[in-house]
>>> print(open('target.cif').read())   # mmCIF, C-alpha atoms and all ligand atoms
data_target
loop_
_atom_site.label_atom_id
_atom_site.label_comp_id
_atom_site.auth_asym_id
_atom_site.auth_seq_id
_atom_site.Cartn_x
_atom_site.Cartn_y
_atom_site.Cartn_z
CA MET D 1 19.69 3.34 24.06
CA LEU D 2 17.45 5.06 21.56
CA LYS D 3 19.10 5.46 18.18
CA LEU D 4 18.30 8.42 15.93
CA PRO D 5 16.96 8.89 13.35
CA ILE D 6 13.93 6.73 14.04
CA TYR D 7 12.36 5.01 11.05
CA MET D 8 8.57 5.29 11.19
CA ASP D 9 7.72 5.31 7.47
CA ASN D 10 6.91 1.65 6.92
CA ASN D 11 4.15 2.37 4.39
CA SER D 12 6.87 3.74 2.08
CA THR D 13 9.22 0.84 2.41
CA THR D 14 10.38 -1.61 5.05
CA ARG D 15 13.78 -2.77 6.16
CA THR D 16 14.67 -6.16 4.70
CA ASP D 17 14.38 -8.61 7.57
CA PRO D 18 17.87 -9.98 8.46
CA ARG D 19 16.43 -13.51 8.16
CA VAL D 20 15.43 -12.68 4.59
CA VAL D 21 18.92 -11.42 3.80
CA ASP D 22 20.41 -14.64 5.21
CA ALA D 23 18.12 -16.74 3.03
CA MET D 24 19.10 -14.77 -0.08
CA ILE D 25 22.89 -14.74 0.26
CA PRO D 26 23.64 -18.31 -0.94
CA PHE D 27 21.76 -17.52 -4.15
CA PHE D 28 24.23 -14.74 -4.95
CA THR D 29 27.27 -16.89 -4.15
CA GLU D 30 27.42 -20.66 -4.63
CA LYS D 31 23.81 -21.27 -5.79
CA PHE D 32 23.90 -18.84 -8.71
CA GLY D 33 22.24 -20.99 -11.37
CA ASN D 34 19.65 -19.89 -13.92
CA ALA D 35 16.28 -21.39 -12.96
CA ALA D 36 15.62 -22.02 -16.66
CA SER D 37 18.73 -24.21 -17.11
CA ARG D 38 17.36 -27.75 -17.42
CA ASN D 39 20.61 -29.66 -17.97
CA HIS D 40 22.63 -29.34 -14.75
CA PRO D 41 22.32 -29.19 -10.97
CA PHE D 42 22.93 -25.41 -10.85
CA GLY D 43 19.71 -24.86 -12.77
CA TRP D 44 17.78 -27.51 -10.85
CA GLU D 45 18.80 -26.02 -7.54
CA ALA D 46 17.69 -22.53 -8.59
CA ASP D 47 14.43 -23.85 -10.02
CA GLU D 48 13.71 -25.73 -6.83
CA ALA D 49 14.28 -22.59 -4.73
CA VAL D 50 11.91 -20.62 -6.98
CA GLY D 51 9.31 -23.38 -6.60
CA GLU D 52 9.64 -23.21 -2.83
CA ALA D 53 9.15 -19.42 -2.89
CA ARG D 54 5.98 -19.84 -4.98
CA LYS D 55 4.63 -22.18 -2.29
CA GLN D 56 5.52 -19.79 0.51
CA ILE D 57 3.79 -16.87 -1.22
CA GLY D 58 0.79 -18.99 -2.22
CA ASN D 59 0.46 -20.12 1.37
CA LEU D 60 0.22 -16.54 2.61
CA ILE D 61 -2.59 -15.53 0.22
CA GLY D 62 -4.31 -18.89 -0.22
CA SER D 63 -3.32 -19.49 -3.85
CA GLY D 64 -1.66 -22.35 -5.68
CA PRO D 65 2.11 -22.03 -6.34
CA SER D 66 1.69 -21.93 -10.13
CA GLU D 67 -0.68 -18.96 -9.89
CA ILE D 68 2.20 -16.66 -8.84
CA ILE D 69 3.87 -14.61 -11.60
CA PHE D 70 7.07 -12.82 -10.55
CA THR D 71 7.57 -9.19 -11.57
CA SER D 72 9.99 -6.38 -10.70
CA GLY D 73 7.58 -4.95 -8.11
CA ALA D 74 3.96 -4.03 -7.61
CA THR D 75 4.02 -1.22 -10.18
CA GLU D 76 4.83 -3.78 -12.85
CA ALA D 77 2.35 -6.30 -11.44
CA ILE D 78 -0.46 -3.70 -11.56
CA ASN D 79 0.50 -2.68 -15.12
CA LEU D 80 0.44 -6.34 -16.17
CA ALA D 81 -2.90 -6.99 -14.48
CA LEU D 82 -4.71 -3.95 -15.88
CA LYS D 83 -3.19 -3.74 -19.36
CA GLY D 84 -3.03 -7.52 -19.65
CA VAL D 85 -6.75 -7.94 -18.91
CA ALA D 86 -7.78 -4.89 -20.96
CA GLN D 87 -6.00 -6.10 -24.08
CA MET D 88 -6.96 -9.75 -23.67
CA TYR D 89 -10.68 -9.11 -23.04
CA LYS D 90 -11.25 -6.05 -25.23
CA LYS D 91 -13.67 -7.92 -27.49
CA LYS D 92 -15.85 -8.51 -24.44
CA GLY D 93 -15.88 -4.87 -23.36
CA ASN D 94 -13.85 -1.74 -22.77
CA HIS D 95 -14.98 -0.53 -19.35
CA ILE D 96 -12.93 -0.62 -16.12
CA ILE D 97 -13.97 0.47 -12.63
CA THR D 98 -11.52 1.76 -10.03
CA GLN D 99 -11.53 4.51 -7.37
CA VAL D 100 -9.85 7.85 -6.79
CA THR D 101 -7.47 7.05 -3.90
CA GLU D 102 -5.68 4.18 -5.66
CA HIS D 103 -1.89 4.30 -5.88
CA LYS D 104 -0.49 6.11 -8.93
CA ALA D 105 0.56 2.75 -10.35
CA THR D 106 -3.15 2.04 -10.87
CA LEU D 107 -4.32 5.58 -11.70
CA ASP D 108 -1.59 6.24 -14.28
CA THR D 109 -2.12 2.83 -15.89
CA CYS D 110 -5.83 3.63 -16.16
CA LYS D 111 -5.00 7.01 -17.74
CA ARG D 112 -2.89 5.18 -20.32
CA LEU D 113 -5.73 2.76 -21.03
CA GLU D 114 -8.11 5.71 -21.51
CA LYS D 115 -5.75 7.04 -24.20
CA ASP D 116 -5.97 3.62 -25.83
CA GLY D 117 -9.75 3.79 -26.04
CA PHE D 118 -10.85 2.18 -22.77
CA GLN D 119 -13.39 3.82 -20.48
CA VAL D 120 -12.54 4.10 -16.81
CA THR D 121 -14.90 4.99 -13.96
CA TYR D 122 -13.09 6.50 -10.96
CA LEU D 123 -15.46 6.07 -8.03
CA PRO D 124 -15.40 8.72 -5.30
CA VAL D 125 -14.71 7.68 -1.69
CA ASP D 126 -16.51 8.63 1.52
CA LYS D 127 -14.90 10.69 4.30
CA PHE D 128 -13.08 7.59 5.53
CA GLY D 129 -11.60 6.84 2.11
CA GLN D 130 -13.81 3.86 1.42
CA VAL D 131 -16.02 2.72 -1.45
CA SER D 132 -18.92 0.27 -1.15
CA ALA D 133 -19.82 -2.77 -3.20
CA GLU D 134 -23.11 -0.96 -3.88
CA GLN D 135 -21.26 1.89 -5.62
CA ILE D 136 -19.56 -0.65 -7.83
CA ARG D 137 -22.84 -2.39 -8.62
CA GLU D 138 -24.28 0.94 -9.76
CA ALA D 139 -21.27 1.70 -11.95
CA LEU D 140 -21.32 -1.65 -13.80
CA THR D 141 -22.28 -1.64 -17.46
CA ASP D 142 -22.54 -4.49 -19.95
CA LYS D 143 -19.10 -3.41 -21.16
CA THR D 144 -17.36 -3.76 -17.78
CA ILE D 145 -14.50 -6.26 -17.89
CA LEU D 146 -12.49 -5.42 -14.78
CA VAL D 147 -12.82 -3.93 -11.29
CA SER D 148 -9.62 -2.82 -9.57
CA ILE D 149 -9.87 -1.73 -5.93
CA MET D 150 -6.97 -1.65 -3.48
CA ALA D 151 -7.15 -3.71 -0.29
CA ALA D 152 -5.60 -1.01 1.91
CA ASN D 153 -4.53 2.54 1.21
CA ASN D 154 -0.87 3.46 1.52
CA GLU D 155 -1.44 6.98 2.90
CA ILE D 156 -4.40 6.71 5.23
CA GLY D 157 -4.44 2.97 5.90
CA SER D 158 -8.18 2.59 5.19
CA LEU D 159 -9.29 -0.90 4.26
CA GLN D 160 -11.74 -1.48 1.41
CA PRO D 161 -14.59 -4.03 1.55
CA ILE D 162 -12.69 -6.47 -0.64
CA LYS D 163 -14.78 -9.52 0.20
CA ALA D 164 -18.08 -7.83 -0.68
CA ILE D 165 -16.60 -6.47 -3.91
CA GLY D 166 -15.18 -9.88 -4.82
CA LYS D 167 -18.55 -11.50 -4.23
CA LEU D 168 -20.30 -8.96 -6.44
CA CYS D 169 -17.74 -9.42 -9.24
CA LYS D 170 -18.15 -13.22 -9.06
CA GLU D 171 -21.93 -12.86 -9.33
CA LYS D 172 -21.56 -10.67 -12.40
CA GLY D 173 -18.74 -12.66 -14.01
CA ILE D 174 -16.37 -9.68 -13.99
CA LEU D 175 -12.67 -9.97 -13.17
CA PHE D 176 -11.50 -8.45 -9.90
CA HIS D 177 -7.96 -7.17 -9.30
CA THR D 178 -6.77 -5.84 -5.97
CA ASP D 179 -3.62 -3.87 -5.22
CA ALA D 180 -2.85 -5.63 -1.94
CA VAL D 181 0.65 -4.20 -1.48
CA GLN D 182 -0.12 -2.70 1.94
CA ALA D 183 -2.35 -5.54 3.09
CA VAL D 184 -0.38 -8.70 2.32
CA GLY D 185 1.50 -9.82 5.42
CA LYS D 186 -0.27 -7.27 7.64
CA ILE D 187 -3.89 -8.48 7.60
CA PRO D 188 -5.36 -11.84 6.51
CA ILE D 189 -5.86 -12.10 2.74
CA ASN D 190 -7.30 -15.16 1.04
CA VAL D 191 -7.93 -15.03 -2.70
CA ASP D 192 -10.63 -17.72 -2.67
CA GLU D 193 -12.56 -16.45 0.33
CA MET D 194 -12.40 -12.89 -1.02
CA GLY D 195 -13.24 -13.67 -4.64
CA ILE D 196 -9.99 -12.16 -5.93
CA ASP D 197 -8.91 -13.03 -9.50
CA LEU D 198 -5.72 -10.96 -9.64
CA LEU D 199 -3.64 -9.58 -6.77
CA SER D 200 -0.53 -7.39 -6.79
CA MET D 201 2.09 -7.46 -4.06
CA SER D 202 5.57 -6.08 -3.46
CA GLY D 203 8.64 -7.40 -1.64
CA HIS D 204 9.86 -4.18 -0.09
CA LYS D 205 6.57 -3.38 1.67
CA MET D 206 6.67 -6.66 3.59
CA TYR D 207 10.27 -6.86 4.85
CA GLY D 208 11.55 -8.42 1.64
CA PRO D 209 13.96 -6.94 -0.91
CA LYS D 210 13.28 -4.13 -3.38
CA GLY D 211 12.99 -5.01 -7.06
CA ILE D 212 10.70 -7.99 -6.69
CA GLY D 213 6.92 -8.31 -6.65
CA ALA D 214 4.32 -10.77 -7.73
CA LEU D 215 1.01 -10.93 -9.49
CA TYR D 216 -1.40 -13.66 -8.47
CA VAL D 217 -3.34 -14.81 -11.54
CA ARG D 218 -6.30 -17.12 -10.90
CA LYS D 219 -6.02 -20.41 -12.80
CA LYS D 220 -9.52 -21.79 -12.41
CA ASP D 221 -13.08 -20.52 -11.82
CA PRO D 222 -12.30 -18.58 -13.94
CA ARG D 223 -8.97 -19.17 -15.68
CA VAL D 224 -7.68 -15.62 -16.13
CA ARG D 225 -5.73 -14.89 -19.29
CA LEU D 226 -3.42 -11.91 -19.75
CA ASP D 227 -1.82 -10.28 -22.73
CA PRO D 228 1.89 -10.24 -21.81
CA GLN D 229 3.55 -6.82 -21.56
CA ILE D 230 7.12 -8.15 -21.89
CA ASP D 231 8.00 -10.70 -24.57
CA GLY D 232 10.98 -13.01 -24.87
CA GLY D 233 11.62 -16.54 -23.66
CA GLY D 234 8.15 -17.32 -22.39
CA HIS D 235 8.97 -17.43 -18.68
CA GLU D 236 6.17 -17.34 -16.11
CA ARG D 237 3.64 -19.19 -18.29
CA GLY D 238 4.37 -16.70 -21.08
CA MET D 239 2.95 -13.82 -19.06
CA ARG D 240 6.26 -12.23 -18.05
CA SER D 241 9.45 -13.13 -19.86
CA GLY D 242 12.92 -12.54 -18.44
CA THR D 243 15.43 -14.57 -16.43
CA LEU D 244 14.12 -14.98 -12.90
CA PRO D 245 16.01 -13.00 -10.22
CA VAL D 246 16.44 -16.07 -8.02
CA PRO D 247 17.94 -14.34 -4.93
CA LEU D 248 15.14 -11.75 -4.88
CA ILE D 249 12.51 -14.44 -5.35
CA VAL D 250 13.98 -16.49 -2.50
CA GLY D 251 13.87 -13.30 -0.42
CA LEU D 252 10.22 -12.64 -1.24
CA GLY D 253 9.40 -16.25 -0.41
CA GLU D 254 11.15 -16.06 2.95
CA ALA D 255 9.48 -12.70 3.70
CA ALA D 256 6.08 -14.25 2.95
CA ASP D 257 6.84 -17.25 5.13
CA ILE D 258 7.82 -15.03 8.08
CA CYS D 259 4.59 -13.03 7.65
CA TYR D 260 2.59 -16.26 7.48
CA ARG D 261 4.07 -17.48 10.75
CA GLU D 262 4.21 -14.19 12.66
CA MET D 263 1.48 -11.96 11.27
CA ALA D 264 -1.08 -12.66 14.00
CA GLU D 265 1.33 -11.71 16.80
CA GLU D 266 3.01 -8.92 14.91
CA SER D 267 -0.19 -7.13 13.95
CA LYS D 268 -1.23 -7.12 17.61
CA LYS D 269 2.04 -5.41 18.46
CA THR D 270 1.92 -2.82 15.66
CA TYR D 271 -1.73 -2.11 16.50
CA ARG D 272 -0.91 -1.60 20.17
CA LEU D 273 1.98 0.75 19.33
CA ARG D 274 -0.12 2.66 16.82
CA GLU D 275 -2.94 3.16 19.30
CA LYS D 276 -0.44 4.28 21.92
CA LEU D 277 0.99 6.79 19.46
CA ARG D 278 -2.41 8.02 18.29
CA LYS D 279 -3.85 8.42 21.77
CA GLY D 280 -0.61 9.84 23.16
CA ILE D 281 -0.53 12.56 20.52
CA MET D 282 -4.22 13.32 20.14
CA SER D 283 -5.05 13.39 23.84
CA GLN D 284 -2.43 16.07 24.38
CA LEU D 285 -3.11 18.12 21.27
CA PRO D 286 -6.58 19.61 20.73
CA GLU D 287 -7.60 20.12 17.10
CA SER D 288 -5.65 17.15 15.81
CA TYR D 289 -7.57 14.84 13.52
CA ILE D 290 -7.09 11.26 12.38
CA ASN D 291 -7.41 10.75 8.62
CA GLY D 292 -8.93 7.56 7.25
CA HIS D 293 -11.22 5.12 9.02
CA PRO D 294 -10.89 5.03 12.83
CA ASP D 295 -11.01 1.20 13.06
CA GLU D 296 -11.05 -0.30 9.58
CA ARG D 297 -7.43 0.54 8.89
CA LEU D 298 -4.01 -1.08 8.74
CA PRO D 299 -2.76 -1.94 12.23
CA GLY D 300 0.45 0.13 11.96
CA ASN D 301 -0.84 3.22 10.18
CA ALA D 302 -1.81 6.54 11.75
CA ASN D 303 -2.31 9.65 9.62
CA ILE D 304 -2.89 12.76 11.72
CA SER D 305 -3.54 16.42 10.79
CA PHE D 306 -2.71 19.30 13.11
CA ALA D 307 -4.67 22.55 12.81
CA TYR D 308 -2.77 25.89 13.04
CA VAL D 309 0.53 24.28 12.17
CA GLU D 310 2.55 24.82 9.06
CA GLY D 311 3.44 21.44 7.55
CA GLU D 312 6.99 22.18 6.46
CA GLY D 313 7.86 23.66 9.84
CA LEU D 314 6.54 20.59 11.57
CA MET D 315 8.50 18.24 9.31
CA MET D 316 11.65 20.27 10.05
CA GLY D 317 10.97 20.17 13.76
CA ILE D 318 10.68 16.39 13.86
CA LYS D 319 13.40 15.60 11.35
CA ASP D 320 14.89 12.96 13.66
CA VAL D 321 11.83 10.88 12.88
CA ALA D 322 11.40 9.53 9.35
CA VAL D 323 7.73 9.97 8.45
CA SER D 324 5.79 11.23 5.41
CA SER D 325 3.83 14.45 5.10
CA GLY D 326 0.49 15.13 3.45
CA SER D 327 2.13 17.26 0.82
CA ALA D 328 3.50 15.85 -2.37
CA CYS D 329 6.44 17.76 -3.76
CA THR D 330 5.75 18.30 -7.43
CA SER D 331 8.33 20.07 -9.56
CA ALA D 332 7.06 23.59 -8.96
CA SER D 333 4.86 23.60 -5.88
CA LEU D 334 3.81 21.80 -2.76
CA GLU D 335 0.55 20.04 -3.63
CA PRO D 336 -1.70 18.64 -0.94
CA SER D 337 -2.08 14.88 -1.15
CA TYR D 338 -4.77 13.80 -3.64
CA VAL D 339 -5.82 11.08 -1.22
CA LEU D 340 -6.56 13.51 1.62
CA ARG D 341 -8.27 15.82 -0.84
CA ALA D 342 -10.55 12.98 -1.94
CA LEU D 343 -11.68 12.54 1.68
CA GLY D 344 -12.63 16.20 1.80
CA VAL D 345 -9.71 17.25 4.02
CA GLY D 346 -8.99 20.95 3.42
CA ASP D 347 -5.66 22.00 1.94
CA GLU D 348 -4.41 23.54 5.21
CA LEU D 349 -5.04 20.39 7.20
CA ALA D 350 -3.68 18.21 4.39
CA HIS D 351 -0.40 20.16 4.40
CA SER D 352 -0.08 19.72 8.16
CA SER D 353 -0.75 16.00 8.17
CA ILE D 354 1.78 13.34 9.04
CA ARG D 355 1.71 9.68 8.16
CA PHE D 356 3.22 7.44 10.82
CA GLY D 357 3.93 3.91 9.60
CA ILE D 358 4.74 1.61 12.48
CA GLY D 359 6.34 -1.70 11.55
CA ARG D 360 8.07 -4.86 12.69
CA PHE D 361 11.20 -3.16 14.02
CA ASN D 362 9.67 -0.24 15.92
CA THR D 363 9.87 -0.27 19.70
CA GLU D 364 7.82 1.10 22.58
CA GLU D 365 10.69 3.43 23.45
CA GLU D 366 10.64 4.92 19.96
CA VAL D 367 6.90 5.51 20.16
CA ASP D 368 7.31 7.30 23.51
CA TYR D 369 10.03 9.50 22.02
CA VAL D 370 7.90 10.35 18.97
CA ILE D 371 4.84 11.25 21.07
CA ASP D 372 6.89 13.70 23.17
CA LEU D 373 8.63 15.23 20.18
CA VAL D 374 5.47 15.74 18.12
CA VAL D 375 3.53 17.23 21.04
CA ARG D 376 6.39 19.59 21.86
CA GLU D 377 6.88 20.72 18.25
CA VAL D 378 3.19 21.23 17.51
CA ASN D 379 2.82 23.29 20.69
CA ARG D 380 5.92 25.32 19.83
CA LEU D 381 4.67 26.07 16.30
CA ARG D 382 1.21 26.92 17.55
CA GLU D 383 2.64 29.38 20.03
CA MET D 384 4.25 31.21 17.13
CA SER D 385 1.06 31.18 15.07
CA PRO D 386 -1.07 34.35 15.05
CA LEU D 387 -4.01 32.32 13.76
CA TYR D 388 -3.79 29.98 16.71
CA GLU D 389 -3.66 32.94 19.07
CA MET D 390 -6.77 34.47 17.54
CA ALA D 391 -8.59 31.15 17.69
CA GLN D 392 -7.65 30.81 21.36
CA GLU D 393 -9.12 34.26 21.98
CA GLY D 394 -12.36 33.06 20.44
CA ILE D 395 -12.14 35.06 17.22
CA ASP D 396 -13.96 33.32 14.41
CA LEU D 397 -11.30 33.11 11.73
CA LYS D 398 -13.87 32.74 8.98
CA SER D 399 -15.25 36.20 9.85
CA ILE D 400 -11.97 37.96 9.17
CA GLU D 401 -11.56 39.85 5.94
CA TRP D 402 -8.11 39.13 4.65
CA SER D 403 -6.31 41.86 2.78
CA GLY D 404 -3.81 41.17 0.04
CA HIS D 405 -5.41 38.34 -1.91
C1 LIG S 1 4.35 0.87 -2.88
C2 LIG S 1 3.02 0.65 -3.48
C3 LIG S 1 2.89 0.31 -4.84
C4 LIG S 1 4.09 0.21 -5.76
O1 LIG S 1 4.90 -0.89 -5.43
P1 LIG S 1 6.41 -1.02 -5.99
O2 LIG S 1 6.77 -2.44 -5.68
O3 LIG S 1 7.22 -0.04 -5.21
O4 LIG S 1 6.38 -0.75 -7.44
C5 LIG S 1 1.63 0.10 -5.32
N1 LIG S 1 0.55 0.19 -4.54
C6 LIG S 1 0.62 0.51 -3.23
C7 LIG S 1 -0.62 0.58 -2.41
C8 LIG S 1 1.86 0.75 -2.66
O5 LIG S 1 1.93 1.09 -1.37
#
>>> encode(input="target.cif", output="structure tokens", more="lines below")
Ligand SMILES: *Cc1c(COP(=O)(O)O)cnc(C)c1O
Amino acid sequence: MLKLPIYMDNNSTTRTDPRVVDAMIPFFTEKFGNAASRNHPFGWEADEAVGEARKQIGNLIGSGPSEIIFTSGATEAINLALKGVAQMYKKKGNHIITQVTEHKATLDTCKRLEKDGFQVTYLPVDKFGQVSAEQIREALTDKTILVSIMAANNEIGSLQPIKAIGKLCKEKGILFHTDAVQAVGKIPINVDEMGIDLLSMSGHKMYGPKGIGALYVRKKDPRVRLDPQIDGGGHERGMRSGTLPVPLIVGLGEAADICYREMAEESKKTYRLREKLRKGIMSQLPESYINGHPDERLPGNANISFAYVEGEGLMMGIKDVAVSSGSACTSASLEPSYVLRALGVGDELAHSSIRFGIGRFNTEEEVDYVIDLVVREVNRLREMSPLYEMAQEGIDLKSIEWSGH
């Protein structure tokens, strides 16, 4: 039996895999030691579990275990990467390159760095939400110390040409950070093959727990140094002090290990379900548009806009399905998503866009249900729309002179 509501918002967060929960539980109960306690078995046991998690995570992204620095999540990892590099290398230069559809964790950190005297170039994206290595080459100056480009976008799923950007950065001797939160565990990522020096990831986007993330920090060729953002105790090679949350770390390790073993199969399944959803909806609804790149995108992500439909009405109509809309609720108004705007999507279409995030626990039955519901609701709303009626009658809406405002 189909159970409502259906969760289809896996780019926002994912359910913690039950196998991850099982792995964590002993570290809340009998194995509760502090990983920094050197004098008794409780500490050794905790330290060993943390070491195992480092290996599991390193295995997934092709890094060494000691290159993993644990943080409270990706927001903290990104802050540490960007501010840590900026402060450590400021004698070398003060210029950073990023792009406009990054997550706010990157954009707001860059804004802060601008206040502190750094210069940031925000590259524009093309209609698919992508930048090119060539754009980065053109933006480089002799003051550039860091390039930060996400591996995959959280709203539209578009992948960035990480390998080409990494290669360019290597050539130029500039550090390269990638926010790989959406990519790790979903598509193959290898820090050596892709020339990545720093990589941010998050537990709760890959079926692990909330409150844990990691920053990969390259140890050789080059050895990356970071100015710590949190002092006290010198944990994590001095880069991030604070008692390690052993249960969460064990959970992230287990989540990474499951992804390592199952990613190839799982991404085939999420891709198949996503394509079924996309085709099922778009073949039945004219004037629906996919946002982001048609192929170079995360396997489980579909972001679709529906013309002649009012976004809030649509969200209400499909409230049994947990998805995200293309509007961001700010305190006073409903703003269209800055990501869709950057692709050149008009405000109307941005407001009527829906992000479907298909993940590990979604089923074929759920996808069938969602296709039917969305098609029915969009048709119902369109039937009530005078604009849709006029368009159907062949009236060019752009030719109408609107009164009022
Ligand atoms: C969720 C997300 C973040 C923030 O991660 P937290 O662990 O929730 O702080 C950063 N970047 C991207 C692309 C994300 O999707």
>>> axis_aligned_box(input="target.cif", around="ligand LIG 1 (chain S)", padding_each_side="4 Å", output="lines of an AutoDock Vina configuration file")
center_x = 3.3
center_y = -0.7
center_z = -4.4
size_x = 15.8
size_y = 11.5
size_z = 14.1
>>> residues_near_ligand(input="target.cif", ligand="ligand LIG 1 (chain S)", cutoff="10 Å", atoms="all atoms listed in the file", output="tab-separated table (two decimals) with C-alpha atoms, in the coordinates of the input")
chain	number	residue	atom	x	y	z
D	10	ASN	CA	6.91	1.65	6.92
D	11	ASN	CA	4.15	2.37	4.39
D	12	SER	CA	6.87	3.74	2.08
D	13	THR	CA	9.22	0.84	2.41
D	71	THR	CA	7.57	-9.19	-11.57
D	72	SER	CA	9.99	-6.38	-10.70
D	73	GLY	CA	7.58	-4.95	-8.11
D	74	ALA	CA	3.96	-4.03	-7.61
D	75	THR	CA	4.02	-1.22	-10.18
D	76	GLU	CA	4.83	-3.78	-12.85
D	77	ALA	CA	2.35	-6.30	-11.44
D	78	ILE	CA	-0.46	-3.70	-11.56
D	79	ASN	CA	0.50	-2.68	-15.12
D	101	THR	CA	-7.47	7.05	-3.90
D	102	GLU	CA	-5.68	4.18	-5.66
D	103	HIS	CA	-1.89	4.30	-5.88
D	104	LYS	CA	-0.49	6.11	-8.93
D	105	ALA	CA	0.56	2.75	-10.35
D	106	THR	CA	-3.15	2.04	-10.87
D	150	MET	CA	-6.97	-1.65	-3.48
D	151	ALA	CA	-7.15	-3.71	-0.29
D	152	ALA	CA	-5.60	-1.01	1.91
D	153	ASN	CA	-4.53	2.54	1.21
D	154	ASN	CA	-0.87	3.46	1.52
D	155	GLU	CA	-1.44	6.98	2.90
D	157	GLY	CA	-4.44	2.97	5.90
D	178	THR	CA	-6.77	-5.84	-5.97
D	179	ASP	CA	-3.62	-3.87	-5.22
D	180	ALA	CA	-2.85	-5.63	-1.94
D	181	VAL	CA	0.65	-4.20	-1.48
D	182	GLN	CA	-0.12	-2.70	1.94
D	183	ALA	CA	-2.35	-5.54	3.09
D	200	SER	CA	-0.53	-7.39	-6.79
D	201	MET	CA	2.09	-7.46	-4.06
D	202	SER	CA	5.57	-6.08	-3.46
D	203	GLY	CA	8.64	-7.40	-1.64
D	204	HIS	CA	9.86	-4.18	-0.09
D	205	LYS	CA	6.57	-3.38	1.67
D	209	PRO	CA	13.96	-6.94	-0.91
D	210	LYS	CA	13.28	-4.13	-3.38
D	211	GLY	CA	12.99	-5.01	-7.06
D	212	ILE	CA	10.70	-7.99	-6.69
D	213	GLY	CA	6.92	-8.31	-6.65
D	214	ALA	CA	4.32	-10.77	-7.73
>>> residues_around(input="target.cif", residues="Gly43 (chain D)", least_positions_apart="5", cutoff="10 Å", atoms="all atoms listed in the file", output="PyMOL selection string")
chain D and resi 31-38+48-49
>>> closest_residue(input="target.cif", among="D:Ile156, D:Glu171, D:Ile136, D:Pro245", to="Ser353 (chain D)", atoms="all atoms listed in the file")
D:Ile156
>>> atom_distance(input="target.cif", atom1="CA of Gly58 (chain D)", atom2="CA of Lys170 (chain D)")
20.9 Å
>>> residues_around(input="target.cif", residues="Ile304 (chain D)", least_positions_apart="3", cutoff="7 Å", atoms="only C-alpha atoms", output="list in words")
Ser288, Tyr289, Ile290, Asn291, Ser353, Ile354 and Arg355 of chain D
>>> write_last_selection(input="target.cif", atoms="C-alpha atoms", output="JSON list (two decimals), keeping the file's coordinate frame")
[["chain", "number", "residue", "atom", "x", "y", "z"],
["D", 288, "SER", "CA", -5.65, 17.15, 15.81],
["D", 289, "TYR", "CA", -7.57, 14.84, 13.52],
["D", 290, "ILE", "CA", -7.09, 11.26, 12.38],
["D", 291, "ASN", "CA", -7.41, 10.75, 8.62],
["D", 353, "SER", "CA", -0.75, 16.00, 8.17],
["D", 354, "ILE", "CA", 1.78, 13.34, 9.04],
["D", 355, "ARG", "CA", 1.71, 9.68, 8.16]]
>>> atom_distance(input="target.cif", atom1="CA of Phe128 (chain D)", atom2="CA of Asn303 (chain D)")
11.7 Å
>>> closest_residue(input="target.cif", among="D:Leu175, D:Leu80, D:Met390, D:Val224", to="Tyr308 (chain D)", atoms="only C-alpha atoms")
D:Met390
>>> atom_distance(input="target.cif", atom1="CA of Asp257 (chain D)", atom2="CA of Glu67 (chain D)")
16.9 Å
>>> residues_near_point(input="target.cif", point="(10.4, 7.2, 8.6)", cutoff="10 Å", atoms="only C-alpha atoms", output="compact mmCIF listing (two decimals) with C-alpha atoms, in the coordinates of the input")
# COMPACT_ATOMS: atom_id res chain seq x y z
CA PRO D 5 16.96 8.89 13.35
CA ILE D 6 13.93 6.73 14.04
CA TYR D 7 12.36 5.01 11.05
CA MET D 8 8.57 5.29 11.19
CA ASP D 9 7.72 5.31 7.47
CA ASN D 10 6.91 1.65 6.92
CA ASN D 11 4.15 2.37 4.39
CA SER D 12 6.87 3.74 2.08
CA THR D 13 9.22 0.84 2.41
CA THR D 14 10.38 -1.61 5.05
CA LYS D 319 13.40 15.60 11.35
CA ASP D 320 14.89 12.96 13.66
CA VAL D 321 11.83 10.88 12.88
CA ALA D 322 11.40 9.53 9.35
CA VAL D 323 7.73 9.97 8.45
CA SER D 324 5.79 11.23 5.41
CA ARG D 355 1.71 9.68 8.16
CA PHE D 356 3.22 7.44 10.82
CA GLY D 357 3.93 3.91 9.60
CA ILE D 358 4.74 1.61 12.48
>>> closest_residue(input="target.cif", among="D:Met24, D:Leu215, D:Ile371, D:Val125", to="Asp197 (chain D)", atoms="only C-alpha atoms")
D:Leu215
>>> closest_residue(input="target.cif", among="D:Gly292, D:Arg382, D:Lys115, D:Pro228", to="Gly242 (chain D)", atoms="only C-alpha atoms")
D:Pro228
>>> closest_residue(input="target.cif", among="D:Val100, D:Glu348, D:Pro188, D:Ala391", to="Arg261 (chain D)", atoms="all atoms listed in the file")
D:Pro188
>>> residues_around(input="target.cif", residues="region 277-284 of chain D", least_positions_apart="6", cutoff="10 Å", atoms="all atoms listed in the file", output="count of residues only")
24
>>> closest_residue(input="target.cif", among="D:Arg360, D:Arg237, D:Lys398, D:Arg380", to="Met263 (chain D)", atoms="all atoms listed in the file")
D:Arg360
>>> residues_around(input="target.cif", residues="Thr29 (chain D)", least_positions_apart="4", cutoff="12 Å", atoms="all atoms listed in the file", output="list in words")
Asp22, Ala23, Met24, Ile25, Gly33, Phe42, Ala46, Val246 and Pro247 of chain D
>>> residues_near_point(input="target.cif", point="(8.2, -1.8, 15.2)", cutoff="8 Å", atoms="all atoms listed in the file", output="number ranges by chain")
D: 269-270, 273, 358-364
>>> residues_around(input="target.cif", residues="Gly84 (chain D)", least_positions_apart="4", cutoff="9 Å", atoms="all atoms listed in the file", output="list in words")
Asn79, Leu80, Met88, Tyr89, Arg225, Leu226, Asp227, Pro228, Gln229 and Met239 of chain D
